[in-house]
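Structure file start.txt with compact mmCIF, C-alpha atoms:
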# COMPACT_ATOMS: atom_id res chain seq x y z
CA MET N 233 -8.94 -25.11 43.06
CA ASN N 234 -8.15 -21.46 43.75
CA SER N 235 -11.44 -19.69 44.38
CA ASN N 236 -10.11 -16.66 42.50
CA ASP N 237 -9.34 -18.75 39.39
CA LEU N 238 -12.82 -19.59 38.17
CA PHE N 239 -13.50 -21.05 34.75
CA THR N 240 -15.83 -18.81 32.71
CA LEU N 241 -17.77 -20.24 29.79
CA ALA N 242 -20.50 -18.44 27.85
CA GLY N 243 -20.82 -15.89 30.64
CA LYS N 244 -21.17 -18.40 33.49
CA THR N 245 -18.47 -19.32 35.98
CA TYR N 246 -17.58 -22.82 37.18
CA ALA N 247 -15.30 -24.10 39.92
CA SER N 248 -14.07 -27.14 38.00
CA ARG N 249 -12.07 -27.11 34.77
CA LEU N 250 -12.70 -30.82 34.24
CA LEU N 251 -15.67 -31.66 31.99
CA VAL N 252 -16.75 -35.29 31.81
CA GLY N 253 -18.84 -37.53 29.62
CA THR N 254 -21.60 -39.87 30.69
CA GLY N 255 -21.20 -42.82 28.32
CA LYS N 256 -19.60 -46.27 28.64
CA TYR N 257 -20.33 -46.80 32.35
CA LYS N 258 -21.95 -50.02 33.52
CA ASP N 259 -25.03 -48.14 34.73
CA PHE N 260 -26.28 -44.67 35.67
CA GLN N 261 -25.37 -45.21 39.33
CA GLU N 262 -21.70 -45.71 38.48
CA THR N 263 -21.94 -42.70 36.19
CA ARG N 264 -23.07 -40.52 39.10
CA GLU N 265 -20.43 -41.88 41.49
CA ALA N 266 -17.62 -41.21 39.01
CA ILE N 267 -18.86 -37.71 38.22
CA ASP N 268 -19.12 -36.89 41.92
CA ALA N 269 -15.51 -38.06 42.37
CA SER N 270 -14.39 -35.94 39.41
CA GLY N 271 -15.80 -32.74 40.89
CA ALA N 272 -17.09 -31.78 37.45
CA ASP N 273 -19.80 -29.16 37.10
CA ILE N 274 -20.40 -29.74 33.37
CA VAL N 275 -21.35 -33.17 32.03
CA THR N 276 -21.75 -33.94 28.36
CA VAL N 277 -24.50 -36.21 27.04
CA ALA N 278 -24.73 -37.92 23.64
CA ILE N 279 -28.30 -37.13 22.63
CA ARG N 280 -28.42 -39.89 19.99
CA ARG N 281 -27.35 -42.54 22.52
CA THR N 282 -28.60 -41.49 25.96
CA ASN N 283 -32.16 -41.03 27.20
CA ILE N 284 -32.81 -37.61 28.73
CA GLY N 285 -36.56 -37.81 28.27
CA GLN N 286 -37.05 -38.65 24.62
CA ASN N 287 -37.81 -42.30 25.51
CA ALA N 288 -40.47 -42.31 28.21
CA ASN N 289 -40.17 -46.02 29.05
CA GLU N 290 -36.39 -46.06 29.62
CA PRO N 291 -34.27 -44.93 32.60
CA ASN N 292 -33.61 -41.21 32.37
CA LEU N 293 -30.05 -39.98 32.94
CA LEU N 294 -31.41 -36.72 34.36
CA ASP N 295 -32.84 -38.64 37.32
CA PHE N 296 -29.22 -39.36 38.32
CA LEU N 297 -27.65 -36.11 37.08
CA PRO N 298 -30.27 -33.42 37.69
CA PRO N 299 -29.85 -30.12 35.80
CA SER N 300 -30.33 -28.35 39.13
CA ARG N 301 -26.92 -29.71 40.18
CA PHE N 302 -25.03 -30.13 36.89
CA THR N 303 -24.80 -28.16 33.67
CA ILE N 304 -25.88 -30.63 31.02
CA LEU N 305 -23.90 -30.29 27.79
CA PRO N 306 -25.73 -32.02 24.91
CA ASN N 307 -23.39 -33.28 22.21
CA THR N 308 -23.75 -34.61 18.69
CA ALA N 309 -21.67 -37.79 19.01
CA GLY N 310 -22.54 -40.09 16.13
CA CYS N 311 -23.39 -37.30 13.69
CA PHE N 312 -21.61 -37.29 10.32
CA THR N 313 -23.29 -34.33 8.61
CA ALA N 314 -23.98 -30.74 9.57
CA ASP N 315 -27.72 -31.27 9.08
CA ASP N 316 -27.82 -34.23 11.50
CA ALA N 317 -25.85 -32.29 14.11
CA VAL N 318 -28.10 -29.24 13.88
CA ARG N 319 -31.24 -31.37 14.07
CA THR N 320 -29.90 -33.25 17.11
CA LEU N 321 -29.09 -30.09 19.06
CA ARG N 322 -32.42 -28.49 18.27
CA LEU N 323 -34.07 -31.59 19.75
CA ALA N 324 -31.83 -31.30 22.82
CA ARG N 325 -32.84 -27.68 23.27
CA GLU N 326 -36.50 -28.69 23.34
CA LEU N 327 -35.87 -31.52 25.80
CA LEU N 328 -33.87 -29.22 28.11
CA ASP N 329 -36.31 -26.30 28.09
CA GLY N 330 -34.37 -23.93 25.86
CA HIS N 331 -30.86 -24.85 27.02
CA ALA N 332 -28.38 -23.05 24.72
CA LEU N 333 -24.93 -24.43 25.68
CA VAL N 334 -24.03 -27.36 23.41
CA LYS N 335 -21.06 -29.36 22.20
CA LEU N 336 -20.80 -29.76 18.44
CA GLU N 337 -18.95 -32.63 16.86
CA VAL N 338 -19.33 -33.71 13.24
CA LEU N 339 -17.34 -36.82 12.45
CA GLY N 340 -15.68 -37.72 9.19
CA SER N 341 -14.94 -41.41 9.75
CA ALA N 342 -16.66 -44.12 11.74
CA ASP N 343 -13.31 -45.90 12.04
CA ASN N 344 -11.27 -43.18 13.73
CA LEU N 345 -13.88 -40.51 14.68
CA PHE N 346 -11.72 -37.74 13.25
CA PRO N 347 -13.68 -34.49 12.81
CA ASN N 348 -15.07 -33.48 9.42
CA MET N 349 -14.06 -29.83 9.47
CA PRO N 350 -16.02 -28.53 6.44
CA GLU N 351 -19.25 -29.95 7.93
CA THR N 352 -18.24 -28.77 11.41
CA LEU N 353 -17.79 -25.18 10.18
CA LYS N 354 -21.12 -25.33 8.36
CA ALA N 355 -22.98 -26.63 11.42
CA ALA N 356 -21.26 -24.12 13.73
CA LYS N 357 -22.43 -21.20 11.60
CA THR N 358 -26.03 -22.45 11.55
CA LEU N 359 -26.11 -23.08 15.30
CA VAL N 360 -24.55 -19.76 16.27
CA ASP N 361 -27.00 -17.94 14.02
CA ASP N 362 -29.80 -19.90 15.73
CA GLY N 363 -28.81 -18.66 19.19
CA PHE N 364 -26.79 -21.60 20.50
CA ASP N 365 -23.64 -21.24 22.61
CA VAL N 366 -21.41 -23.64 20.70
CA MET N 367 -18.42 -25.49 22.07
CA VAL N 368 -16.83 -27.32 19.18
CA TYR N 369 -14.72 -30.47 18.82
CA CYS N 370 -12.18 -29.90 16.08
CA THR N 371 -8.77 -30.71 14.69
CA ASP N 372 -5.68 -29.18 16.26
CA ASP N 373 -5.38 -26.80 13.30
CA PRO N 374 -4.79 -23.21 14.45
CA ILE N 375 -6.34 -21.75 11.29
CA GLN N 376 -9.56 -23.74 11.57
CA CYS N 377 -9.76 -22.94 15.28
CA ARG N 378 -9.55 -19.24 14.46
CA MET N 379 -12.31 -19.67 11.86
CA LEU N 380 -14.56 -21.31 14.47
CA GLU N 381 -13.89 -18.48 16.91
CA ASP N 382 -14.65 -15.92 14.19
CA ILE N 383 -17.99 -17.67 13.54
CA GLY N 384 -18.86 -17.07 17.20
CA CYS N 385 -18.18 -20.37 18.98
CA VAL N 386 -17.80 -19.90 22.75
CA ALA N 387 -14.99 -22.48 23.05
CA VAL N 388 -12.75 -24.49 20.75
CA MET N 389 -11.93 -28.07 21.69
CA PRO N 390 -9.05 -29.51 19.67
CA LEU N 391 -8.31 -33.20 19.96
CA ALA N 392 -5.15 -34.34 21.72
CA SER N 393 -5.34 -37.62 19.83
CA LEU N 394 -8.17 -39.76 18.45
CA ILE N 395 -11.37 -40.21 20.48
CA GLY N 396 -11.05 -43.21 22.79
CA SER N 397 -7.40 -43.84 21.88
CA GLY N 398 -5.87 -42.85 25.22
CA MET N 399 -2.74 -41.79 23.34
CA GLY N 400 -2.41 -38.47 25.14
CA ILE N 401 -1.23 -35.19 23.61
CA LEU N 402 0.54 -36.01 20.35
CA ASN N 403 1.09 -32.45 19.12
CA PRO N 404 1.68 -29.99 21.97
CA TRP N 405 3.12 -27.43 19.56
CA ASN N 406 -0.17 -26.98 17.71
CA LEU N 407 -2.04 -26.72 20.99
CA ARG N 408 0.25 -23.89 22.08
CA LEU N 409 -0.37 -22.06 18.79
CA ILE N 410 -4.13 -22.39 19.32
CA ILE N 411 -3.93 -21.27 22.95
CA ASP N 412 -1.71 -18.28 22.15
CA GLN N 413 -4.09 -16.90 19.51
CA ALA N 414 -7.44 -17.67 21.12
CA SER N 415 -9.66 -15.19 22.94
CA VAL N 416 -12.17 -17.91 23.88
CA PRO N 417 -11.52 -20.91 26.15
CA VAL N 418 -9.46 -23.74 24.67
CA LEU N 419 -10.16 -27.23 26.03
CA VAL N 420 -8.49 -30.48 25.08
CA ASP N 421 -11.16 -32.90 23.91
CA ALA N 422 -10.37 -36.54 23.07
CA GLY N 423 -7.31 -38.69 23.53
CA VAL N 424 -6.60 -38.29 27.25
CA GLY N 425 -5.64 -41.66 28.70
CA THR N 426 -4.46 -41.03 32.24
CA ALA N 427 -3.93 -38.32 34.81
CA SER N 428 -0.56 -37.15 33.49
CA ASP N 429 -2.14 -36.37 30.10
CA ALA N 430 -4.66 -34.09 31.78
CA ALA N 431 -1.94 -32.37 33.80
CA ILE N 432 0.15 -31.74 30.68
CA ALA N 433 -2.83 -30.19 28.87
CA MET N 434 -3.36 -27.79 31.75
CA GLU N 435 0.37 -27.02 32.06
CA LEU N 436 0.36 -26.01 28.39
CA GLY N 437 -2.26 -23.40 29.22
CA CYS N 438 -5.51 -25.08 28.24
CA ASP N 439 -8.55 -23.68 30.04
CA GLY N 440 -9.95 -27.13 30.68
CA VAL N 441 -10.09 -30.78 29.67
CA LEU N 442 -13.04 -32.87 28.54
CA MET N 443 -12.88 -36.64 28.81
CA ASN N 444 -15.04 -39.75 28.96
CA THR N 445 -13.30 -43.00 28.04
CA ALA N 446 -10.24 -42.26 30.19
CA ILE N 447 -12.49 -42.45 33.24
CA ALA N 448 -15.24 -44.84 32.17
CA GLY N 449 -12.75 -47.25 30.59
CA ALA N 450 -10.50 -47.46 33.65
CA GLN N 451 -10.53 -50.58 35.81
CA ASN N 452 -11.80 -48.41 38.67
CA PRO N 453 -13.68 -45.48 37.10
CA VAL N 454 -14.47 -43.75 40.39
CA LEU N 455 -10.84 -43.79 41.51
CA MET N 456 -9.67 -42.60 38.09
CA ALA N 457 -12.18 -39.75 38.21
CA SER N 458 -10.65 -38.65 41.49
CA ALA N 459 -7.16 -38.84 39.95
CA MET N 460 -8.27 -36.72 36.98
CA LYS N 461 -9.68 -34.07 39.31
CA LYS N 462 -6.33 -33.76 41.07
CA ALA N 463 -4.39 -33.79 37.79
CA VAL N 464 -6.38 -30.92 36.30
CA GLU N 465 -6.00 -28.88 39.47
CA ALA N 466 -2.25 -29.58 39.71
CA GLY N 467 -1.66 -28.80 36.05
CA ARG N 468 -3.54 -25.52 36.32
CA GLU N 469 -1.58 -24.47 39.41
CA ALA N 470 1.70 -25.34 37.70
CA PHE N 471 0.72 -23.22 34.69
CA LEU N 472 -0.18 -20.27 36.90
CA ALA N 473 3.01 -20.67 38.94
CA GLY N 474 5.25 -20.60 35.88
CA ARG N 475 7.71 -23.43 35.60
CA MET N 476 11.45 -22.94 35.89
CA PRO N 477 13.25 -22.57 32.54
CA ARG N 478 14.79 -25.67 31.03
CA LYS N 479 18.58 -25.62 31.23
CA PHE N 480 20.77 -28.09 29.44
CA TYR N 481 24.13 -28.83 31.09
CA ALA N 482 23.80 -25.90 33.48
CA ALA N 483 24.82 -27.12 36.92
CA SER N 484 22.70 -25.34 39.51
CA PRO N 485 22.35 -27.25 42.79
CA SER N 486 19.10 -26.86 44.64
CA SER N 487 20.99 -26.36 47.91
CA PRO N 488 23.60 -23.58 48.31
CA THR N 489 27.26 -24.58 48.49
CA GLU N 490 28.44 -21.49 50.36
CA GLY N 491 29.18 -22.02 54.04
CA LEU N 492 29.54 -25.78 53.85
CA ILE N 493 31.90 -27.30 56.42
CA GLN N 494 34.97 -28.46 54.56
CA SER N 495 36.75 -31.59 55.70
CA LYS N 496 40.45 -31.21 56.46
CA THR N 497 42.96 -33.43 54.75
CA LYS N 498 45.80 -34.93 56.75
CA SER N 499 49.27 -33.63 55.90
Produce structure tokens that represent the structure in this file.
Amino acid sequence: MNSNDLFTLAGKTYASRLLVGTGKYKDFQETREAIDASGADIVTVAIRRTNIGQNANEPNLLDFLPPSRFTILPNTAGCFTADDAVRTLRLARELLDGHALVKLEVLGSADNLFPNMPETLKAAKTLVDDGFDVMVYCTDDPIQCRMLEDIGCVAVMPLASLIGSGMGILNPWNLRLIIDQASVPVLVDAGVGTASDAAIAMELGCDGVLMNTAIAGAQNPVLMASAMKKAVEAGREAFLAGRMPRKFYAASPSSPTEGLIQSKTKS
């Protein structure tokens, strides 16, 4: 990644624009190997499902992913109300010695994990007022994304498609609307299935991509993590470079025709 193109989030800069989850791996060792291959600086942790010190007799994820090396991003996966989400992140702040950067997600359905936006907005307001730096999983609704930014969230994270679906970016038009209006980072969260999905998100102008299942659910998670790293970097470079305009039925050969040796026809 270009050293002059750093990713800034809540006043801190990062080299990688790929954020990764820590769930669904076979063990913590595979988790660490995949995250190393991804090059990610920020790793998100489901506080309700992963031990980071709240269960003294269980393996601690932080022994494999130390906060001295990675920025730990506690999330509220599994929360269905604003109150549960706020309570979960306050617990995470205590466990992580006052850590303020968090990922908020309040779900509306256990079947499809679609966000509950009224509860998300409520929780976001409470958390921002309580001093948290809130990154927020949300619908790809430009109006609701603007409302979250107005509340004071440090990043908006619209879904590309449903969590764990691997369906890729189903509505690029809404993402562009969100990107064009936002003054905070916009990251695609949920729905990425393979490297090309990540590249497309970055080519659209997203500031980053967060994923978990696309890596952990691959047949070779470590190799897929490496592929995602390259895809995010390539997509970002393509966005910065500015793609050629699309031209329908406009013949324009990539090699010049002037000066070509013409064959002579026999008389």
message: Can you measure CA of Arg325 (chain N) to CA of Asn292 (chain N) for me? One decimal in Å is fine.
response: 16.3 Å
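Of the listed residues N:Val388, N:Ala473, N:Ala332, N:Ile410, the one whose atoms come nearest to Asp365 (chain N) is N:Ala332, with distances taken using all atoms listed in the file.
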Please tell me which residues are no farther than 12 Å from (-5.3, -31.4, 29.8) in the file, counting all atoms listed in the file, and write them as a short mmCIF file (atom, residue, chain, number, x, y, z; two decimals) with C-alpha atoms, in the coordinates of the input.
data_model
loop_
_atom_site.label_atom_id
_atom_site.label_comp_id
_atom_site.auth_asym_id
_atom_site.auth_seq_id
_atom_site.Cartn_x
_atom_site.Cartn_y
_atom_site.Cartn_z
CA ARG N 249 -12.07 -27.11 34.77
CA LEU N 250 -12.70 -30.82 34.24
CA LEU N 251 -15.67 -31.66 31.99
CA MET N 389 -11.93 -28.07 21.69
CA PRO N 390 -9.05 -29.51 19.67
CA LEU N 391 -8.31 -33.20 19.96
CA ALA N 392 -5.15 -34.34 21.72
CA SER N 393 -5.34 -37.62 19.83
CA GLY N 400 -2.41 -38.47 25.14
CA ILE N 401 -1.23 -35.19 23.61
CA PRO N 404 1.68 -29.99 21.97
CA LEU N 407 -2.04 -26.72 20.99
CA VAL N 418 -9.46 -23.74 24.67
CA LEU N 419 -10.16 -27.23 26.03
CA VAL N 420 -8.49 -30.48 25.08
CA ASP N 421 -11.16 -32.90 23.91
CA ALA N 422 -10.37 -36.54 23.07
CA GLY N 423 -7.31 -38.69 23.53
CA VAL N 424 -6.60 -38.29 27.25
CA GLY N 425 -5.64 -41.66 28.70
CA THR N 426 -4.46 -41.03 32.24
CA ALA N 427 -3.93 -38.32 34.81
CA SER N 428 -0.56 -37.15 33.49
CA ASP N 429 -2.14 -36.37 30.10
CA ALA N 430 -4.66 -34.09 31.78
CA ALA N 431 -1.94 -32.37 33.80
CA ILE N 432 0.15 -31.74 30.68
CA ALA N 433 -2.83 -30.19 28.87
CA MET N 434 -3.36 -27.79 31.75
CA GLU N 435 0.37 -27.02 32.06
CA LEU N 436 0.36 -26.01 28.39
CA GLY N 437 -2.26 -23.40 29.22
CA CYS N 438 -5.51 -25.08 28.24
CA ASP N 439 -8.55 -23.68 30.04
CA GLY N 440 -9.95 -27.13 30.68
CA VAL N 441 -10.09 -30.78 29.67
CA LEU N 442 -13.04 -32.87 28.54
CA MET N 443 -12.88 -36.64 28.81
CA ALA N 446 -10.24 -42.26 30.19
CA MET N 460 -8.27 -36.72 36.98
CA LYS N 461 -9.68 -34.07 39.31
CA LYS N 462 -6.33 -33.76 41.07
CA ALA N 463 -4.39 -33.79 37.79
CA VAL N 464 -6.38 -30.92 36.30
CA GLU N 465 -6.00 -28.88 39.47
CA ALA N 466 -2.25 -29.58 39.71
CA GLY N 467 -1.66 -28.80 36.05
CA ARG N 468 -3.54 -25.52 36.32
CA PHE N 471 0.72 -23.22 34.69
#
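Distances from N:Ser300, N:Gln286, N:Thr358, N:Asn406 to Leu327 (chain N) were compared using all atoms listed in the file, and the smallest one belongs to N:Gln286.
Nearest-residue note for Lys357 (chain N): choosing from N:Asp315, N:Tyr481, N:Ala278, N:His331, the minimum distance belongs to N:Asp315, counting all atoms listed in the file.
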Is it possible to get the residues within 7 Å of (-13.6, -32.7, 40.5) (coordinates as in the file, counting only C-alpha atoms) written as a PDB file with C-alpha atoms, in the frame of the given file?
ATOM      1  CA  SER N 248     -14.070 -27.140  38.000  1.00  0.00           C
ATOM      2  CA  LEU N 250     -12.700 -30.820  34.240  1.00  0.00           C
ATOM      3  CA  ALA N 269     -15.510 -38.060  42.370  1.00  0.00           C
ATOM      4  CA  SER N 270     -14.390 -35.940  39.410  1.00  0.00           C
ATOM      5  CA  GLY N 271     -15.800 -32.740  40.890  1.00  0.00           C
ATOM      6  CA  ALA N 272     -17.090 -31.780  37.450  1.00  0.00           C
ATOM      7  CA  SER N 458     -10.650 -38.650  41.490  1.00  0.00           C
ATOM      8  CA  LYS N 461      -9.680 -34.070  39.310  1.00  0.00           C
TER       9      LYS N 461
END
message: Report as a ChimeraX atom specification all protein, DNA and RNA residues lying within 10 Å of Arg301 (chain N), evaluated on only C-alpha atoms, omitting residues in the same chain fewer than 4 positions from it.
response: /N:273-274,297
query: Could you name the residues that touch Ala324 (chain N) at 7 Å or less, counting only C-alpha atoms, but leaving out those on the same chain fewer than 3 positions away, as a PyMOL selection string?
result: chain N and resi 279+306+320-321+327-328
task: Have a look at CA of Leu293 (chain N) and CA of Cys311 (chain N) and let me know their distance in Å, one decimal.
output: 20.5 Å
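Restricting the calculation to only C-alpha atoms, the smallest distance between Glu337 (chain N) and any of N:Thr308, N:Asp361, N:Pro350, N:Ile447 is found for N:Thr308.
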query: Which value, in Å to one decimal, gives the distance between CA of Asn348 (chain N) and CA of Tyr257 (chain N)?
result: 27.0 Å
field: Contact residues around Thr371 (chain N) with all atoms listed in the file at 8 Å, ignoring same-chain residues under 4 positions, as a ChimeraX atom specification
entry: /N:346-347,349,376-377,390-391
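The smallest atom-to-atom distance between Leu323 (chain N) and any of N:Val252, N:Val338, N:Leu409, N:Ile284, using all atoms listed in the file, is found for N:Ile284.
Remark: for Asp412 (chain N), the closest of the candidate residues N:Gly340, N:Arg478, N:Arg378, N:Asp329 is N:Arg378 (distances computed over only C-alpha atoms).
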Neighbouring residues of Val454 (chain N) were defined as those with any atom within 9 Å, considering all atoms listed in the file; residues of the same chain fewer than 5 positions away were excluded. Please report them as a PDB file with C-alpha atoms, keeping the file's coordinate frame.
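Here's the written file around_2.pdb:
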ATOM      1  CA  GLU N 262     -21.700 -45.710  38.480  1.00  0.00           C
ATOM      2  CA  THR N 263     -21.940 -42.700  36.190  1.00  0.00           C
ATOM      3  CA  GLU N 265     -20.430 -41.880  41.490  1.00  0.00           C
ATOM      4  CA  ALA N 266     -17.620 -41.210  39.010  1.00  0.00           C
ATOM      5  CA  ILE N 267     -18.860 -37.710  38.220  1.00  0.00           C
ATOM      6  CA  ASP N 268     -19.120 -36.890  41.920  1.00  0.00           C
ATOM      7  CA  ALA N 269     -15.510 -38.060  42.370  1.00  0.00           C
ATOM      8  CA  SER N 270     -14.390 -35.940  39.410  1.00  0.00           C
ATOM      9  CA  ILE N 447     -12.490 -42.450  33.240  1.00  0.00           C
ATOM     10  CA  ALA N 448     -15.240 -44.840  32.170  1.00  0.00           C
ATOM     11  CA  ALA N 459      -7.160 -38.840  39.950  1.00  0.00           C
TER      12      ALA N 459
END
task: Extract, using only C-alpha atoms, all DNA, RNA and protein residues at most 7 Å from Val275 (chain N), discarding same-chain residues fewer than 6 positions from it, and format them as a list of chain:residue names.
output: N:Leu251, N:Val252, N:Gly253, N:Thr254, N:Phe302, N:Thr303, N:Ile304, N:Leu305
